[in-house]
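Participant: Below is one structure. I have some questions about it.
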Protein chains: 2
Amino acid sequence: MPGRRVTSADVAALAGVSRTTVSFVMNGRRDVKIPATTRRRVLAAAQELGYHPNAPARQLAGGASQTLGLVLRQSPEQVAGDALLVETLRGLALAARDADHRVLVETLAPGDGRYANLLRSGRTDGLIISGPRSDDPELADLVRDGFPVVLQGSMPGLAAPSVDVDNVAGARLAVEHLLGLGHRRIACITNAPLVYTAASERLAGYTQALQLAGIAVDRILIAEGGFDAPSGHRAMSTILERTEIDAAFVASDVVALGALAALREAGYTVPADVSVVGFDDIPLSAYLDPPLTTVRLPAREIGLTVGLALLEKIAGRLVADRTLLPTHLIVRASTGPPRGAAEASP
Amino acid sequence: MPGRRVTSADVAALAGVSRTTVSFVMNGRRDVKIPATTRRRVLAAAQELGYHPNAPARQLAGGASQTLGLVLRQSPEQVAGDALLVETLRGLALAARDADHRVLVETLAPGDGRYANLLRSGRTDGLIISGPRSDDPELADLVRDGFPVVLQGSMPGLAAPSVDVDNVAGARLAVEHLLGLGHRRIACITNAPLVYTAASERLAGYTQALQLAGIAVDRILIAEGGFDAPSGHRAMSTILERTEIDAAFVASDVVALGALAALREAGYTVPADVSVVGFDDIPLSAYLDPPLTTVRLPAREIGLTVGLALLEKIAGRLVADRTLLPTHLIVRASTGPPRGAAEASP
DNA sequence: AGCGGTTACTGACGCGCGTTACCTGATGCC
DNA sequence: GGCATCAGGTAACGCGCGTCAGTAACCGCT
């Protein structure tokens with residue numbers, strides 16, 4: 001138990017000024033004239049007493065909480081598997097720090113979705129909803145009531161700004177890479193069930209790329225993954241049981257890891273027999289065997305962007321409805337020309 | 001901008017009682033007698049108006065912030081590479097939720113270490129320092145001033161409770177597994193520079209296991225890793241250049257991934273030529289090729305334990321100085337008997 | 001009727017701060 | 001000299017809440 005707190009009154013007494021003056025100095029108000037000598041006296045007194053303005057009192061007196069809330073709407077498995085979440089958090093923290101804000105993280109248990117009162121109780125100035133879900137009444141209410149809310153991820157039909165990676169374009173990048181190498185029977189394993197917008201968008205990118213190349217989309221080439229490696233293993237096994245493929249686009253590196261294991265077990269070599277492209281570019285992708293060709297998702301930048309957007313919104317300024325961050329294809333060794341082409345080239 | 005906030009006075013007016021009564025009802029105080037009818041009237045009024053008690057006001061009036069601070073003292077690369085950090089955060093959030101607390105995450109930029117005022121300004125009730133460093137004057141000051149602080153990780157000599165995994169025992173588990181298989185020239189690649197206690201502890205476990213087996217510790221078998229896969233690649237390459245090995249204990253799965261890549265490139269097969277044991281059991285370890293034998297670090301439990309410890313400390317109760325969580329060896333396919341033994345066994 | 005005891009409730013204060021409106025003495029200007 | 005201006009500073013209010021010290025009404029008992 002720390003000793004009695006030092007208040008601005010203590011500082012005022014020691015500096016021989018009023019509390020008001022202390023407040024002016026501490027907040028560095030430029031519209032009030034304080035002679036340098038007085039300012040120095042106050043600062044010296046504050047320093048000597050170890051004065052730290054009380055945050056709640058400050059907020060109560062009309063200020064803001066200087067806190068951004070990050071709500072992780074995802075399921076536990078999803079969060080655990082998200083290797084880039086920490087990086088996104090770092091980006092967000094970066095944006096927050098520059099604006100002298102803190103970050104409060106609220107991870108939701110599957111059942112309960114109580115996060116609105118973070119905002120309504122004044123604990124945070126705004127909220128970032130990561131992985132918004134359409135079956136979320138609280139969210140719609142918050143937006144309707146005019147609270148600053150920014151979505152990380154997509155949720156069409158909600159009147160809140162959203163920041164997301166361009167999933168469609170990224171997936172197209174991946175599939176076009178495979179097409180360019182000469183592959184034609186390209187499987188697709190989604191990163192998650194299709195109720196998740198990111199999953200359906202990446203699938204849409206796959207479909208678009210095929211159609212642009214004049215290739216019919218064959219549904220038996222498509223299987224659903226579910227965040228983790230085991231789901232990728234299952235999905236790839238299912239596909240291999242029902243058809244032959246010469247390449248696969250797996251919309252998540254983590255899921256791709258499971259798919260790679262399934263390919264190995266079925267006796268296929270990557271990329272000699274089957275080329276594989278992932279999505280996300282988790283830090284480990286470069287060190288897999290073979291190193292994984294993948295689509296880089298700018299995780300830190302997402303956090304940074306979503307943070308800046310929320311800060312703008314809090315400041316009452318206008319924010320773009322939808323910000324799509326670009327992805328980049330990272331070509332490594334898990335993709336190569338198909339068997340036929342390889343034999344023909346030398 | 002949401003409309004004017006609903007205060008307890010509004011609720012009081014609607015319910016036809018005083019603000020004091022509203023406060024009693026909202027806080028569910030059992031020591032004050034409130035007839036069921038009155039209680040219901042108040043709750044109904046609160047419900048109707050959409051009343052949410054103002055957190056800062058509540059705190060100012062003598063309450064607590066109901067917030068735990070998690071300070072990530074690690075470097076950016078370290079945080080990014082820590083695949084289990086999210087899981088630890090989840091555990092912490094779990095502990096916090098059960099006690100109706102929130103979690104504030106403070107990620108420090110390399111240079112600046114301003115986190116003490118989270119506590120001194122009353123923004124959090126307590127702090128968890130993850131990856132404490134001895135060159136941290138703020139930390140010592142906080143502890144001296146009696147603020148509730150709990151360390152995740154070790155820092156000998158500081159009078160604050162700490163929660164950590166039993167690194168020494170875990171490393172011994174790993175090395176004894178290799179010894180049991182018949183390996184004798186066992187390399188060790190640390191998870192980080194040795195100034196990090198976790199790194200030196202794991203190295204100590206390696207040393208102990210060898211000494212107990214009556215094997216001299218050969219320094220040319222030891223190399224330093226540094227959090228990420230590339231460092232593991234470098235370390236393993238260095239070792240392979242100067243000697244032959246038949247097994248390796250790599251004190252971090254992520255670093256091990258780099259080491260595995262280096263072994264592959266040097267033409268060694270795992271586990272036929274060299275057995276490898278990792279540490280951490282990140283979610284992907286089971287899906288590597290070969291699946292990695294490793295030491296499981298109970299990430300979620302660490303978060304949970306450190307959270308509970310901090311809550312106890314905040315409540316003014318006594319907390320164990322040092323809590324060491326046990327690890328478990330997870331045997332997968334990256335370890336096997338040495339070449340000689342394999343030939344002799346059938 | 002008188003009295004202690006209980007039940008149900010309330011008025012007023014203080015938490016620490018930001019801020020508005022006001023005050024005082026010195027200076028400038030005609 | 002008289003008035004306006006301005007620098008430098010302050011007293012007092014309110015933010016929304018928890019809580020203490022009451023108070024008024026009512027009950028049971030003699």
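Going through the structure tokens in order, the chains are called A, B, and so on, while each chain numbers its residues from 1 and the ligands are numbered from 1 in the order shown.
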I need the chain D residues near chain B as a list in words; criterion: at most 6 Å, counting only C-alpha atoms (C1' of nucleotides).
Facilitator: DG16, DC17 and DG18 of chain D
Participant: Those same residues - N, CA and C atoms (P, O5', C5', C4', C3', O3' and C1' of nucleotides) - I'd like them written as a PDB file, in the first residue's frame.
Facilitator:
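To be explicit, this is the file written out as out-v2.pdb:
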ATOM      1  P    DG D  16     -21.874  13.746 -15.127  1.00  0.00           P
ATOM      2  O5'  DG D  16     -21.776  12.523 -14.119  1.00  0.00           O
ATOM      3  C5'  DG D  16     -20.913  11.449 -14.419  1.00  0.00           C
ATOM      4  C4'  DG D  16     -20.736  10.601 -13.184  1.00  0.00           C
ATOM      5  C3'  DG D  16     -22.032  10.076 -12.568  1.00  0.00           C
ATOM      6  O3'  DG D  16     -21.963   8.663 -12.565  1.00  0.00           O
ATOM      7  C1'  DG D  16     -20.612  10.999 -10.903  1.00  0.00           C
ATOM      8  P    DC D  17     -23.026   7.764 -11.854  1.00  0.00           P
ATOM      9  O5'  DC D  17     -22.305   7.458 -10.474  1.00  0.00           O
ATOM     10  C5'  DC D  17     -21.094   6.711 -10.492  1.00  0.00           C
ATOM     11  C4'  DC D  17     -20.377   6.816  -9.173  1.00  0.00           C
ATOM     12  C3'  DC D  17     -21.099   6.157  -8.008  1.00  0.00           C
ATOM     13  O3'  DC D  17     -20.556   4.857  -7.832  1.00  0.00           O
ATOM     14  C1'  DC D  17     -20.106   8.281  -7.413  1.00  0.00           C
ATOM     15  P    DG D  18     -21.196   3.872  -6.769  1.00  0.00           P
ATOM     16  O5'  DG D  18     -20.407   4.263  -5.435  1.00  0.00           O
ATOM     17  C5'  DG D  18     -19.026   3.976  -5.348  1.00  0.00           C
ATOM     18  C4'  DG D  18     -18.510   4.271  -3.947  1.00  0.00           C
ATOM     19  C3'  DG D  18     -19.179   3.482  -2.835  1.00  0.00           C
ATOM     20  O3'  DG D  18     -18.189   3.155  -1.850  1.00  0.00           O
ATOM     21  C1'  DG D  18     -19.542   5.796  -2.476  1.00  0.00           C
TER      22       DG D  18
END
Participant: Write out the coordinates of chain B as a short mmCIF file (atom, residue, chain, number, x, y, z; two decimals) with C-alpha atoms, in the first residue's frame after a least-squares overlay onto chain A built on all ordered Cα pairs.
Facilitator:
data_model
loop_
_atom_site.label_atom_id
_atom_site.label_comp_id
_atom_site.auth_asym_id
_atom_site.auth_seq_id
_atom_site.Cartn_x
_atom_site.Cartn_y
_atom_site.Cartn_z
CA MET B 1 -0.05 0.08 0.09
CA PRO B 2 1.64 3.18 -1.16
CA GLY B 3 1.55 6.27 1.05
CA ARG B 4 -1.04 8.99 0.74
CA ARG B 5 -1.27 10.17 -2.80
CA VAL B 6 0.27 13.42 -3.82
CA THR B 7 -2.38 15.75 -5.18
CA SER B 8 -2.14 18.90 -7.19
CA ALA B 9 -2.97 20.80 -4.00
CA ASP B 10 0.27 19.55 -2.47
CA VAL B 11 2.20 20.74 -5.46
CA ALA B 12 0.41 24.08 -5.35
CA ALA B 13 1.26 24.56 -1.70
CA LEU B 14 4.92 23.74 -2.21
CA ALA B 15 5.22 25.96 -5.25
CA GLY B 16 3.33 28.76 -3.55
CA VAL B 17 0.66 29.04 -6.21
CA SER B 18 -2.95 27.99 -6.60
CA ARG B 19 -4.13 24.61 -7.74
CA THR B 20 -5.44 26.20 -10.89
CA THR B 21 -1.98 27.35 -11.85
CA VAL B 22 -0.63 23.87 -11.26
CA SER B 23 -3.30 22.49 -13.53
CA PHE B 24 -2.41 25.01 -16.23
CA VAL B 25 1.26 24.14 -16.03
CA MET B 26 0.76 20.40 -15.96
CA ASN B 27 -1.47 20.51 -18.99
CA GLY B 28 0.89 22.83 -20.77
CA ARG B 29 -1.89 25.12 -21.83
CA ARG B 30 -0.62 27.56 -24.40
CA ASP B 31 -3.63 29.82 -24.22
CA VAL B 32 -2.84 30.78 -20.64
CA LYS B 33 0.22 32.87 -19.98
CA ILE B 34 2.50 31.48 -17.31
CA PRO B 35 5.88 33.14 -16.80
CA ALA B 36 8.83 30.80 -17.16
CA THR B 37 9.85 31.29 -13.54
CA THR B 38 6.47 30.20 -12.21
CA ARG B 39 6.34 27.27 -14.58
CA ARG B 40 9.71 26.09 -13.38
CA ARG B 41 8.71 26.46 -9.73
CA VAL B 42 5.64 24.32 -10.29
CA LEU B 43 7.47 21.66 -12.25
CA ALA B 44 10.20 21.53 -9.64
CA ALA B 45 7.63 21.08 -6.89
CA ALA B 46 5.86 18.35 -8.85
CA GLN B 47 9.15 16.61 -9.44
CA GLU B 48 10.17 16.84 -5.81
CA LEU B 49 6.91 15.43 -4.51
CA GLY B 50 6.67 12.79 -7.21
CA TYR B 51 3.34 14.08 -8.41
CA HIS B 52 1.36 12.00 -10.88
CA PRO B 53 -2.00 13.41 -11.96
CA ASN B 54 -4.80 11.07 -11.07
CA ALA B 55 -6.20 9.63 -14.25
CA PRO B 56 -9.77 8.93 -13.15
CA ALA B 57 -10.13 12.34 -11.55
CA ARG B 58 -8.88 13.95 -14.68
CA GLN B 59 -11.31 11.99 -16.75
CA LEU B 60 -14.19 12.75 -14.42
CA ALA B 61 -13.48 16.44 -14.73
CA GLY B 62 -14.45 16.29 -18.33
CA GLY B 63 -11.52 14.62 -19.95
CA ALA B 64 -11.29 11.43 -21.87
CA SER B 65 -10.10 8.05 -20.76
CA GLN B 66 -7.22 8.11 -23.21
CA THR B 67 -7.85 4.45 -23.69
CA LEU B 68 -8.63 2.39 -26.75
CA GLY B 69 -10.44 -0.89 -26.33
CA LEU B 70 -9.54 -3.88 -28.44
CA VAL B 71 -12.30 -6.46 -28.44
CA LEU B 72 -11.30 -9.91 -29.64
CA ARG B 73 -14.53 -11.33 -30.87
CA GLN B 74 -12.91 -14.49 -32.17
CA SER B 75 -13.18 -17.90 -30.63
CA PRO B 76 -10.36 -19.13 -28.41
CA GLU B 77 -9.00 -21.56 -31.01
CA GLN B 78 -9.04 -18.81 -33.54
CA VAL B 79 -7.16 -16.43 -31.32
CA ALA B 80 -4.64 -19.04 -30.29
CA GLY B 81 -3.93 -19.90 -33.89
CA ASP B 82 -3.59 -16.36 -35.03
CA ALA B 83 0.16 -16.00 -35.13
CA LEU B 84 -0.12 -12.44 -36.31
CA LEU B 85 -2.42 -11.15 -33.61
CA VAL B 86 0.47 -10.04 -31.46
CA GLU B 87 1.91 -8.13 -34.35
CA THR B 88 -1.40 -6.42 -34.94
CA LEU B 89 -1.57 -5.55 -31.28
CA ARG B 90 1.87 -4.03 -31.51
CA GLY B 91 0.79 -1.87 -34.42
CA LEU B 92 -2.23 -0.73 -32.49
CA ALA B 93 -0.14 0.02 -29.43
CA LEU B 94 2.15 2.08 -31.61
CA ALA B 95 -0.70 4.21 -32.89
CA ALA B 96 -2.06 4.55 -29.38
CA ARG B 97 1.25 5.54 -27.87
CA ASP B 98 1.81 8.34 -30.32
CA ALA B 99 -1.51 9.82 -29.29
CA ASP B 100 -0.82 9.23 -25.59
CA HIS B 101 -3.43 6.54 -25.32
CA ARG B 102 -3.45 3.11 -23.71
CA VAL B 103 -4.82 -0.14 -25.03
CA LEU B 104 -7.30 -2.24 -23.12
CA VAL B 105 -7.75 -5.76 -24.43
CA GLU B 106 -11.01 -7.56 -23.93
CA THR B 107 -11.04 -11.20 -24.90
CA LEU B 108 -14.54 -12.54 -24.97
CA ALA B 109 -15.53 -15.91 -23.68
CA PRO B 110 -17.53 -17.82 -26.27
CA GLY B 111 -20.91 -17.27 -24.68
CA ASP B 112 -20.79 -13.85 -23.16
CA GLY B 113 -20.37 -10.82 -25.27
CA ARG B 114 -20.35 -8.09 -22.69
CA TYR B 115 -18.10 -5.44 -24.00
CA ALA B 116 -20.40 -2.54 -24.66
CA ASN B 117 -20.14 -1.25 -21.15
CA LEU B 118 -16.43 -0.67 -21.64
CA LEU B 119 -17.61 2.24 -23.69
CA ARG B 120 -20.79 3.10 -21.85
CA SER B 121 -19.06 3.21 -18.49
CA GLY B 122 -16.44 5.54 -19.86
CA ARG B 123 -13.61 3.11 -19.46
CA THR B 124 -12.54 3.52 -23.07
CA ASP B 125 -13.00 6.32 -25.57
CA GLY B 126 -13.48 3.98 -28.47
CA LEU B 127 -13.54 0.36 -29.47
CA ILE B 128 -11.90 -1.75 -32.10
CA ILE B 129 -13.87 -4.86 -32.85
CA SER B 130 -11.68 -7.58 -34.21
CA GLY B 131 -13.58 -10.28 -36.02
CA PRO B 132 -17.03 -8.69 -35.84
CA ARG B 133 -19.96 -11.01 -36.15
CA SER B 134 -23.29 -10.24 -37.63
CA ASP B 135 -25.14 -11.91 -34.75
CA ASP B 136 -24.03 -9.17 -32.40
CA PRO B 137 -26.80 -6.85 -31.24
CA GLU B 138 -24.53 -4.92 -28.88
CA LEU B 139 -22.37 -3.80 -31.75
CA ALA B 140 -25.25 -2.36 -33.74
CA ASP B 141 -26.50 -0.56 -30.65
CA LEU B 142 -23.15 1.04 -29.99
CA VAL B 143 -22.87 2.27 -33.53
CA ARG B 144 -26.42 3.60 -33.46
CA ASP B 145 -25.71 5.46 -30.23
CA GLY B 146 -22.80 7.18 -31.90
CA PHE B 147 -19.92 5.65 -29.99
CA PRO B 148 -16.60 5.57 -31.83
CA VAL B 149 -16.21 2.05 -33.16
CA VAL B 150 -13.92 0.74 -35.86
CA LEU B 151 -13.98 -2.78 -37.22
CA GLN B 152 -10.98 -4.88 -37.96
CA GLY B 153 -12.33 -7.25 -40.52
CA SER B 154 -15.43 -6.88 -42.58
CA MET B 155 -19.05 -6.71 -41.71
CA PRO B 156 -21.17 -5.40 -44.54
CA GLY B 157 -24.20 -3.36 -43.65
CA LEU B 158 -22.84 -1.83 -40.45
CA ALA B 159 -22.36 1.91 -40.41
CA ALA B 160 -18.89 1.79 -38.92
CA PRO B 161 -15.53 2.23 -40.60
CA SER B 162 -13.65 -0.98 -41.19
CA VAL B 163 -10.03 -1.80 -41.86
CA ASP B 164 -9.15 -5.04 -43.50
CA VAL B 165 -6.65 -6.66 -45.75
CA ASP B 166 -7.67 -7.02 -49.38
CA ASN B 167 -8.49 -10.70 -49.16
CA VAL B 168 -9.92 -11.02 -52.63
CA ALA B 169 -6.91 -9.46 -54.32
CA GLY B 170 -4.52 -11.43 -52.14
CA ALA B 171 -6.13 -14.73 -52.99
CA ARG B 172 -6.11 -13.84 -56.66
CA LEU B 173 -2.41 -13.09 -56.40
CA ALA B 174 -1.82 -16.55 -55.00
CA VAL B 175 -3.92 -18.40 -57.54
CA GLU B 176 -2.61 -16.39 -60.47
CA HIS B 177 0.88 -17.34 -59.40
CA LEU B 178 -0.09 -21.00 -59.62
CA LEU B 179 -1.82 -20.46 -62.95
CA GLY B 180 1.23 -18.66 -64.26
CA LEU B 181 3.38 -21.65 -63.43
CA GLY B 182 1.10 -23.76 -65.57
CA HIS B 183 -1.10 -25.44 -62.97
CA ARG B 184 -4.67 -26.17 -63.86
CA ARG B 185 -6.14 -28.46 -61.22
CA ILE B 186 -5.80 -26.14 -58.26
CA ALA B 187 -7.43 -27.05 -54.99
CA CYS B 188 -8.62 -24.48 -52.48
CA ILE B 189 -8.75 -24.99 -48.76
CA THR B 190 -10.35 -22.10 -46.92
CA ASN B 191 -8.88 -20.60 -43.78
CA ALA B 192 -12.16 -20.86 -41.92
CA PRO B 193 -15.83 -21.72 -42.34
CA LEU B 194 -17.42 -19.55 -44.98
CA VAL B 195 -19.58 -17.62 -42.55
CA TYR B 196 -16.40 -15.72 -41.80
CA THR B 197 -16.13 -12.96 -44.35
CA ALA B 198 -12.37 -13.29 -44.65
CA ALA B 199 -12.84 -16.92 -45.65
CA SER B 200 -15.49 -16.25 -48.25
CA GLU B 201 -13.51 -13.32 -49.63
CA ARG B 202 -10.42 -15.43 -50.12
CA LEU B 203 -12.49 -18.09 -51.79
CA ALA B 204 -13.94 -15.39 -54.04
CA GLY B 205 -10.41 -14.40 -55.04
CA TYR B 206 -9.69 -18.01 -55.93
CA THR B 207 -12.85 -18.24 -58.00
CA GLN B 208 -12.18 -14.96 -59.78
CA ALA B 209 -8.66 -15.94 -60.74
CA LEU B 210 -9.87 -19.21 -62.23
CA GLN B 211 -12.69 -17.59 -64.12
CA LEU B 212 -10.42 -14.91 -65.54
CA ALA B 213 -8.21 -17.70 -66.80
CA GLY B 214 -11.19 -19.37 -68.38
CA ILE B 215 -11.11 -22.34 -66.05
CA ALA B 216 -14.30 -23.76 -64.65
CA VAL B 217 -14.55 -23.85 -60.86
CA ASP B 218 -14.84 -27.44 -59.73
CA ARG B 219 -16.46 -27.77 -56.36
CA ILE B 220 -14.77 -31.03 -55.51
CA LEU B 221 -11.50 -29.10 -55.44
CA ILE B 222 -12.74 -26.91 -52.59
CA ALA B 223 -12.74 -27.79 -48.90
CA GLU B 224 -13.23 -25.84 -45.71
CA GLY B 225 -10.47 -25.34 -43.19
CA GLY B 226 -11.03 -24.09 -39.68
CA PHE B 227 -8.21 -21.91 -38.32
CA ASP B 228 -5.85 -24.67 -37.19
CA ALA B 229 -3.46 -27.16 -38.71
CA PRO B 230 -5.55 -30.27 -38.02
CA SER B 231 -8.39 -28.80 -40.06
CA GLY B 232 -6.01 -28.34 -42.95
CA HIS B 233 -4.92 -31.92 -42.65
CA ARG B 234 -8.51 -33.11 -42.78
CA ALA B 235 -9.41 -30.86 -45.68
CA MET B 236 -6.47 -31.94 -47.78
CA SER B 237 -7.09 -35.60 -47.05
CA THR B 238 -10.68 -35.19 -48.16
CA ILE B 239 -9.66 -33.60 -51.41
CA LEU B 240 -6.98 -36.18 -52.16
CA GLU B 241 -9.48 -38.95 -51.62
CA ARG B 242 -11.83 -37.68 -54.24
CA THR B 243 -9.58 -36.28 -56.97
CA GLU B 244 -6.11 -35.52 -58.22
CA ILE B 245 -4.56 -32.08 -57.98
CA ASP B 246 -1.38 -30.46 -59.10
CA ALA B 247 -1.54 -27.42 -56.83
CA ALA B 248 -3.35 -26.02 -53.83
CA PHE B 249 -4.15 -22.59 -52.50
CA VAL B 250 -4.59 -22.82 -48.73
CA ALA B 251 -5.97 -19.57 -47.38
CA SER B 252 -3.96 -19.63 -44.16
CA ASP B 253 -0.37 -20.65 -43.43
CA VAL B 254 -1.37 -22.46 -40.27
CA VAL B 255 -3.99 -24.47 -42.11
CA ALA B 256 -1.47 -25.01 -44.91
CA LEU B 257 0.87 -26.65 -42.45
CA GLY B 258 -1.71 -29.32 -41.84
CA ALA B 259 -2.34 -29.66 -45.55
CA LEU B 260 1.37 -30.13 -46.16
CA ALA B 261 1.45 -32.89 -43.58
CA ALA B 262 -1.45 -34.63 -45.31
CA LEU B 263 0.32 -34.38 -48.67
CA ARG B 264 3.47 -35.89 -47.18
CA GLU B 265 1.54 -38.73 -45.66
CA ALA B 266 -0.17 -39.42 -48.98
CA GLY B 267 3.23 -39.70 -50.61
CA TYR B 268 3.25 -36.45 -52.53
CA THR B 269 6.32 -34.24 -52.68
CA VAL B 270 6.00 -30.46 -52.56
CA PRO B 271 6.52 -28.78 -54.97
CA ALA B 272 7.49 -31.59 -57.35
CA ASP B 273 4.08 -33.28 -57.23
CA VAL B 274 1.91 -30.54 -55.80
CA SER B 275 2.58 -26.83 -55.42
CA VAL B 276 1.18 -25.09 -52.36
CA VAL B 277 0.56 -21.43 -51.67
CA GLY B 278 -0.44 -20.23 -48.25
CA PHE B 279 -1.81 -16.96 -46.92
CA ASP B 280 -0.67 -14.71 -44.04
CA ASP B 281 3.10 -15.17 -44.10
CA ILE B 282 3.49 -16.08 -40.48
CA PRO B 283 7.07 -15.71 -39.27
CA LEU B 284 7.71 -19.43 -39.50
CA SER B 285 6.66 -19.86 -43.12
CA ALA B 286 10.15 -19.16 -44.39
CA TYR B 287 11.53 -21.99 -42.29
CA LEU B 288 9.20 -24.76 -43.21
CA ASP B 289 10.31 -27.61 -45.43
CA PRO B 290 9.86 -26.54 -48.11
CA PRO B 291 9.73 -22.82 -47.34
CA LEU B 292 6.19 -21.76 -48.02
CA THR B 293 5.15 -19.52 -50.87
CA THR B 294 2.49 -17.32 -49.39
CA VAL B 295 0.65 -14.02 -49.42
CA ARG B 296 1.94 -11.55 -46.90
CA LEU B 297 -0.62 -9.94 -44.68
CA PRO B 298 0.66 -6.64 -43.27
CA ALA B 299 -0.24 -7.40 -39.67
CA ARG B 300 1.45 -4.52 -37.96
CA GLU B 301 0.10 -2.09 -40.46
CA ILE B 302 -3.41 -3.35 -39.88
CA GLY B 303 -3.06 -2.59 -36.19
CA LEU B 304 -1.57 0.78 -36.91
CA THR B 305 -4.24 1.70 -39.41
CA VAL B 306 -7.13 0.56 -37.30
CA GLY B 307 -5.71 2.48 -34.35
CA LEU B 308 -5.30 5.67 -36.31
CA ALA B 309 -8.79 5.32 -37.71
CA LEU B 310 -10.27 4.96 -34.25
CA LEU B 311 -8.33 7.97 -32.97
CA GLU B 312 -9.68 10.01 -35.87
CA LYS B 313 -13.17 8.84 -35.13
CA ILE B 314 -12.79 9.74 -31.47
CA ALA B 315 -11.57 13.17 -32.47
CA GLY B 316 -14.84 13.55 -34.33
CA ARG B 317 -13.25 13.59 -37.74
CA LEU B 318 -14.47 11.73 -40.77
CA VAL B 319 -12.98 8.33 -41.47
CA ALA B 320 -13.07 6.29 -44.68
CA ASP B 321 -15.82 3.68 -44.55
CA ARG B 322 -13.57 0.93 -45.70
CA THR B 323 -9.81 0.72 -45.83
CA LEU B 324 -8.31 -2.22 -47.69
CA LEU B 325 -4.63 -2.89 -47.14
CA PRO B 326 -2.66 -4.46 -49.96
CA THR B 327 -0.99 -7.85 -49.80
CA HIS B 328 2.15 -9.12 -51.47
CA LEU B 329 3.02 -12.48 -52.89
CA ILE B 330 6.11 -14.00 -51.30
CA VAL B 331 7.47 -16.70 -53.59
CA ARG B 332 9.44 -19.40 -51.84
CA ALA B 333 10.09 -23.04 -52.58
CA SER B 334 6.69 -24.66 -52.11
CA THR B 335 5.63 -23.74 -55.61
CA GLY B 336 7.09 -24.71 -58.95
CA PRO B 337 6.10 -25.75 -62.44
CA PRO B 338 3.91 -28.82 -62.82
CA ARG B 339 5.48 -32.19 -63.56
CA GLY B 340 4.79 -32.04 -67.27
CA ALA B 341 6.27 -28.58 -67.69
CA ALA B 342 9.31 -29.51 -65.65
CA GLU B 343 10.07 -32.39 -67.98
CA ALA B 344 9.52 -30.32 -71.08
CA SER B 345 11.59 -27.29 -70.09
CA PRO B 346 15.20 -28.55 -70.25
#
Participant: Please provide the set of residues having any atom within 12 Å of DA21 of chain D, restricted to only C-alpha atoms (C1' of nucleotides), with same-chain residues fewer than 3 positions apart removed, written as a count of residues only.
Facilitator: 4
Participant: Please run DSSP on the backbone and report, as a list in words, all residues within segment 113-248 of chain A that come out as strand (DSSP E).
Facilitator: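 Strand (DSSP E) members of segment 113-248 of chain A, listed: Gly126, Leu127, Ile128, Ile129, Ser130, Val149, Val150, Leu151, Gln152, Ser162, Val163, Asp164, Val165, Ile186, Ala187, Cys188, Ile189, Ile222, Ala223, Ala247 and Ala248 of chain A.
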Participant: Create the file for the chosen residues now, containing C-alpha atoms and written as a JSON list (two decimals), in the first residue's frame.
Facilitator:
[["chain", "number", "residue", "atom", "x", "y", "z"],
["A", 126, "GLY", "CA", -13.49, 3.95, -28.49],
["A", 127, "LEU", "CA", -13.52, 0.34, -29.48],
["A", 128, "ILE", "CA", -11.87, -1.78, -32.11],
["A", 129, "ILE", "CA", -13.85, -4.88, -32.85],
["A", 130, "SER", "CA", -11.64, -7.59, -34.23],
["A", 149, "VAL", "CA", -16.20, 2.02, -33.17],
["A", 150, "VAL", "CA", -13.90, 0.73, -35.87],
["A", 151, "LEU", "CA", -13.96, -2.78, -37.22],
["A", 152, "GLN", "CA", -10.95, -4.86, -37.97],
["A", 162, "SER", "CA", -13.61, -0.96, -41.21],
["A", 163, "VAL", "CA", -10.00, -1.77, -41.86],
["A", 164, "ASP", "CA", -9.11, -5.00, -43.50],
["A", 165, "VAL", "CA", -6.61, -6.63, -45.74],
["A", 186, "ILE", "CA", -5.87, -26.11, -58.24],
["A", 187, "ALA", "CA", -7.50, -27.01, -54.95],
["A", 188, "CYS", "CA", -8.64, -24.42, -52.43],
["A", 189, "ILE", "CA", -8.76, -24.91, -48.70],
["A", 222, "ILE", "CA", -12.77, -26.85, -52.53],
["A", 223, "ALA", "CA", -12.77, -27.73, -48.83],
["A", 247, "ALA", "CA", -1.59, -27.39, -56.82],
["A", 248, "ALA", "CA", -3.40, -25.98, -53.81]]
Participant: List every residue of segment 76-316 of chain B that DSSP, applied to the backbone of this structure, assigns to helix (DSSP H, G or I), and report them as a PyMOL selection string.
Facilitator: chain B and resi 76-81+85-98+116-120+137-144+167-181+197-212+219-221+229-242+253-265+285-287+299-314
